[in-house]
Amino acid sequence: MSDGSTLASNRDRDRAVARLADAHIEGRLTVEELDRLTGEAHAARTIADLDLVCANLPGGEVAEPRRADVEARGPYGAGQIAGMVALTVILPMGRLIGLVTAVALLRGETHPQRRRMLTTWACVCAAVLALEIVAIIVFVVL
């Protein structure tokens, strides 16, 4: 991104403003300079404009850091995998148990108010179970 005619993104502007704030904290800029340069950074259209705003600061261009400079994230640990599996399997099992229990209690219930409550409980368990299964399919399987 060393091409100065490239349009600046909000991320580029935010990075420039962060550099200006760091320079102010280090004592390189006064409050007035920080205010003026921050306004110029937010108004900048291109990377070259942002480079001009930060020209007197040490550290080079405002362009995005290279991929090699960004720390790569390691693989998931055993505890993280076990936690994901447990949540993926155990949570829907709780809803299934609730649904089966509600249906079992509903079969022998004759009191209308309790039947309504058990019917509501069964419907809620079924709906939440269906949503969890869809979420598992979307986020885990696909």
# chains A, B, ... in the order shown; residues from 1 in each chain; ligands from 1
call {"tool": "residues_around", "arguments": {"residues": "Ala102 in chain A", "least_positions_apart": "5", "cutoff": "7 Å", "atoms": "only C-alpha atoms", "output": "count of residues only"}}
result
3
call {"tool": "atom_distance", "arguments": {"atom1": "CA of Gly108 in chain A", "atom2": "CA of Val124 in chain A"}}
result
19.7 Å
call {"tool": "select_by_dssp", "arguments": {"residues": "range 47-134 of chain A", "states": "helix (DSSP H, G or I)", "output": "number ranges by chain"}}
result
A: 47-53, 67-69, 78-108, 112-134
call {"tool": "residues_around", "arguments": {"residues": "Thr46 in chain A", "least_positions_apart": "3", "cutoff": "6 Å", "atoms": "only C-alpha atoms", "output": "list in words"}}
result
Ser5, Thr6, Leu7, Ala8 and Asp49 of chain A
call {"tool": "write_last_selection", "arguments": {"atoms": "C-alpha atoms", "output": "mmCIF file, in the first residue's frame"}}
result
data_model
loop_
_atom_site.group_PDB
_atom_site.id
_atom_site.type_symbol
_atom_site.label_atom_id
_atom_site.label_comp_id
_atom_site.auth_asym_id
_atom_site.auth_seq_id
_atom_site.Cartn_x
_atom_site.Cartn_y
_atom_site.Cartn_z
ATOM 1 C CA SER A 5 -2.910 7.705 -4.749
ATOM 2 C CA THR A 6 -4.700 4.843 -3.000
ATOM 3 C CA LEU A 7 -7.823 6.050 -1.211
ATOM 4 C CA ALA A 8 -7.525 5.950 2.555
ATOM 5 C CA ASP A 49 -2.531 12.762 2.553
#
call {"tool": "atom_distance", "arguments": {"atom1": "CA of Leu99 in chain A", "atom2": "CA of Gln80 in chain A"}}
result
28.9 Å
call {"tool": "residues_around", "arguments": {"residues": "Met93 in chain A", "least_positions_apart": "2", "cutoff": "12 Å", "atoms": "only C-alpha atoms", "output": "PyMOL selection string"}}
result
chain A and resi 86-91+95-100+125-126+128-130+132-133
call {"tool": "atom_distance", "arguments": {"atom1": "CA of Leu37 in chain A", "atom2": "CA of Leu20 in chain A"}}
result
7.5 Å
call {"tool": "closest_residue", "arguments": {"among": "A:Ala82, A:Arg115, A:Phe139, A:Ala41", "to": "Ala55 in chain A", "atoms": "only C-alpha atoms"}}
result
A:Ala41
call {"tool": "decode", "arguments": {"residues": "range 19-123 of chain A", "atoms": "C-alpha atoms", "output": "mmCIF file, in the first residue's frame"}}
result
data_model
loop_
_atom_site.group_PDB
_atom_site.id
_atom_site.type_symbol
_atom_site.label_atom_id
_atom_site.label_comp_id
_atom_site.auth_asym_id
_atom_site.auth_seq_id
_atom_site.Cartn_x
_atom_site.Cartn_y
_atom_site.Cartn_z
ATOM 1 C CA ARG A 19 0.059 7.478 15.801
ATOM 2 C CA LEU A 20 -0.727 11.150 16.458
ATOM 3 C CA ALA A 21 -2.085 10.320 19.919
ATOM 4 C CA ASP A 22 1.059 8.305 20.696
ATOM 5 C CA ALA A 23 3.208 11.221 19.555
ATOM 6 C CA HIS A 24 1.247 13.551 21.845
ATOM 7 C CA ILE A 25 1.725 11.176 24.786
ATOM 8 C CA GLU A 26 5.472 11.066 24.036
ATOM 9 C CA GLY A 27 5.533 14.885 24.099
ATOM 10 C CA ARG A 28 6.221 15.330 20.378
ATOM 11 C CA LEU A 29 2.951 17.240 19.740
ATOM 12 C CA THR A 30 1.135 19.914 21.688
ATOM 13 C CA VAL A 31 -2.617 19.710 22.271
ATOM 14 C CA GLU A 32 -3.205 22.293 19.534
ATOM 15 C CA GLU A 33 -1.051 20.374 17.039
ATOM 16 C CA LEU A 34 -2.777 17.125 17.960
ATOM 17 C CA ASP A 35 -6.196 18.714 17.425
ATOM 18 C CA ARG A 36 -5.235 20.218 14.071
ATOM 19 C CA LEU A 37 -3.491 17.079 12.765
ATOM 20 C CA THR A 38 -6.319 14.806 13.947
ATOM 21 C CA GLY A 39 -8.756 16.920 11.955
ATOM 22 C CA GLU A 40 -6.498 16.697 8.911
ATOM 23 C CA ALA A 41 -6.210 12.904 9.333
ATOM 24 C CA HIS A 42 -9.985 12.512 9.438
ATOM 25 C CA ALA A 43 -10.312 14.705 6.331
ATOM 26 C CA ALA A 44 -7.566 12.888 4.388
ATOM 27 C CA ARG A 45 -8.697 11.240 1.141
ATOM 28 C CA THR A 46 -5.576 9.275 0.185
ATOM 29 C CA ILE A 47 -2.706 7.440 1.841
ATOM 30 C CA ALA A 48 -0.415 10.234 0.619
ATOM 31 C CA ASP A 49 -2.531 12.762 2.553
ATOM 32 C CA LEU A 50 -2.183 10.653 5.681
ATOM 33 C CA ASP A 51 1.560 10.333 5.120
ATOM 34 C CA LEU A 52 1.764 14.150 4.955
ATOM 35 C CA VAL A 53 -0.144 14.448 8.238
ATOM 36 C CA CYS A 54 2.344 12.102 9.936
ATOM 37 C CA ALA A 55 5.424 13.231 7.987
ATOM 38 C CA ASN A 56 7.223 14.769 10.981
ATOM 39 C CA LEU A 57 6.647 11.739 13.199
ATOM 40 C CA PRO A 58 9.098 8.859 13.489
ATOM 41 C CA GLY A 59 7.889 5.498 12.234
ATOM 42 C CA GLY A 60 7.487 5.741 8.471
ATOM 43 C CA GLU A 61 4.321 5.514 6.425
ATOM 44 C CA VAL A 62 0.774 5.073 7.682
ATOM 45 C CA ALA A 63 0.091 2.159 5.325
ATOM 46 C CA GLU A 64 -1.152 -1.127 6.715
ATOM 47 C CA PRO A 65 1.463 -3.395 8.299
ATOM 48 C CA ARG A 66 2.717 -6.321 6.241
ATOM 49 C CA ARG A 67 1.203 -9.741 6.910
ATOM 50 C CA ALA A 68 4.545 -11.059 8.183
ATOM 51 C CA ASP A 69 4.459 -8.459 10.975
ATOM 52 C CA VAL A 70 1.108 -9.708 12.249
ATOM 53 C CA GLU A 71 1.359 -12.505 14.779
ATOM 54 C CA ALA A 72 -0.262 -15.723 13.573
ATOM 55 C CA ARG A 73 -2.815 -17.347 15.844
ATOM 56 C CA GLY A 74 -1.943 -20.850 16.934
ATOM 57 C CA PRO A 75 -4.227 -23.883 16.784
ATOM 58 C CA TYR A 76 -6.957 -24.407 19.351
ATOM 59 C CA GLY A 77 -5.899 -26.060 22.583
ATOM 60 C CA ALA A 78 -7.361 -29.321 23.903
ATOM 61 C CA GLY A 79 -9.388 -27.469 26.539
ATOM 62 C CA GLN A 80 -10.924 -25.160 23.942
ATOM 63 C CA ILE A 81 -11.885 -28.095 21.725
ATOM 64 C CA ALA A 82 -13.355 -30.002 24.674
ATOM 65 C CA GLY A 83 -15.353 -26.928 25.684
ATOM 66 C CA MET A 84 -16.734 -26.433 22.187
ATOM 67 C CA VAL A 85 -17.707 -30.106 21.926
ATOM 68 C CA ALA A 86 -19.336 -30.032 25.347
ATOM 69 C CA LEU A 87 -21.388 -26.946 24.507
ATOM 70 C CA THR A 88 -22.316 -28.323 21.111
ATOM 71 C CA VAL A 89 -23.527 -31.643 22.547
ATOM 72 C CA ILE A 90 -24.664 -30.899 26.110
ATOM 73 C CA LEU A 91 -26.803 -27.802 25.547
ATOM 74 C CA PRO A 92 -29.108 -29.394 22.973
ATOM 75 C CA MET A 93 -29.333 -32.516 25.159
ATOM 76 C CA GLY A 94 -30.734 -30.378 27.983
ATOM 77 C CA ARG A 95 -33.446 -29.042 25.676
ATOM 78 C CA LEU A 96 -34.214 -32.549 24.475
ATOM 79 C CA ILE A 97 -34.557 -33.779 28.057
ATOM 80 C CA GLY A 98 -36.863 -30.840 28.825
ATOM 81 C CA LEU A 99 -38.985 -31.616 25.764
ATOM 82 C CA VAL A 100 -39.277 -35.329 26.596
ATOM 83 C CA THR A 101 -40.117 -34.534 30.226
ATOM 84 C CA ALA A 102 -42.812 -32.025 29.244
ATOM 85 C CA VAL A 103 -44.392 -34.443 26.778
ATOM 86 C CA ALA A 104 -44.291 -37.292 29.323
ATOM 87 C CA LEU A 105 -45.954 -35.156 32.000
ATOM 88 C CA LEU A 106 -48.456 -33.826 29.490
ATOM 89 C CA ARG A 107 -49.747 -37.314 28.655
ATOM 90 C CA GLY A 108 -51.157 -37.936 32.117
ATOM 91 C CA GLU A 109 -52.207 -34.389 33.022
ATOM 92 C CA THR A 110 -55.927 -33.560 33.143
ATOM 93 C CA HIS A 111 -55.871 -30.107 34.758
ATOM 94 C CA PRO A 112 -56.314 -27.513 31.936
ATOM 95 C CA GLN A 113 -53.976 -24.882 33.387
ATOM 96 C CA ARG A 114 -51.161 -27.371 33.942
ATOM 97 C CA ARG A 115 -51.717 -28.832 30.454
ATOM 98 C CA ARG A 116 -51.361 -25.308 28.998
ATOM 99 C CA MET A 117 -48.159 -24.732 30.975
ATOM 100 C CA LEU A 118 -46.683 -28.095 29.927
ATOM 101 C CA THR A 119 -47.685 -27.475 26.303
ATOM 102 C CA THR A 120 -45.945 -24.080 26.398
ATOM 103 C CA TRP A 121 -42.877 -25.647 28.010
ATOM 104 C CA ALA A 122 -42.751 -28.383 25.336
ATOM 105 C CA CYS A 123 -43.146 -25.836 22.507
#
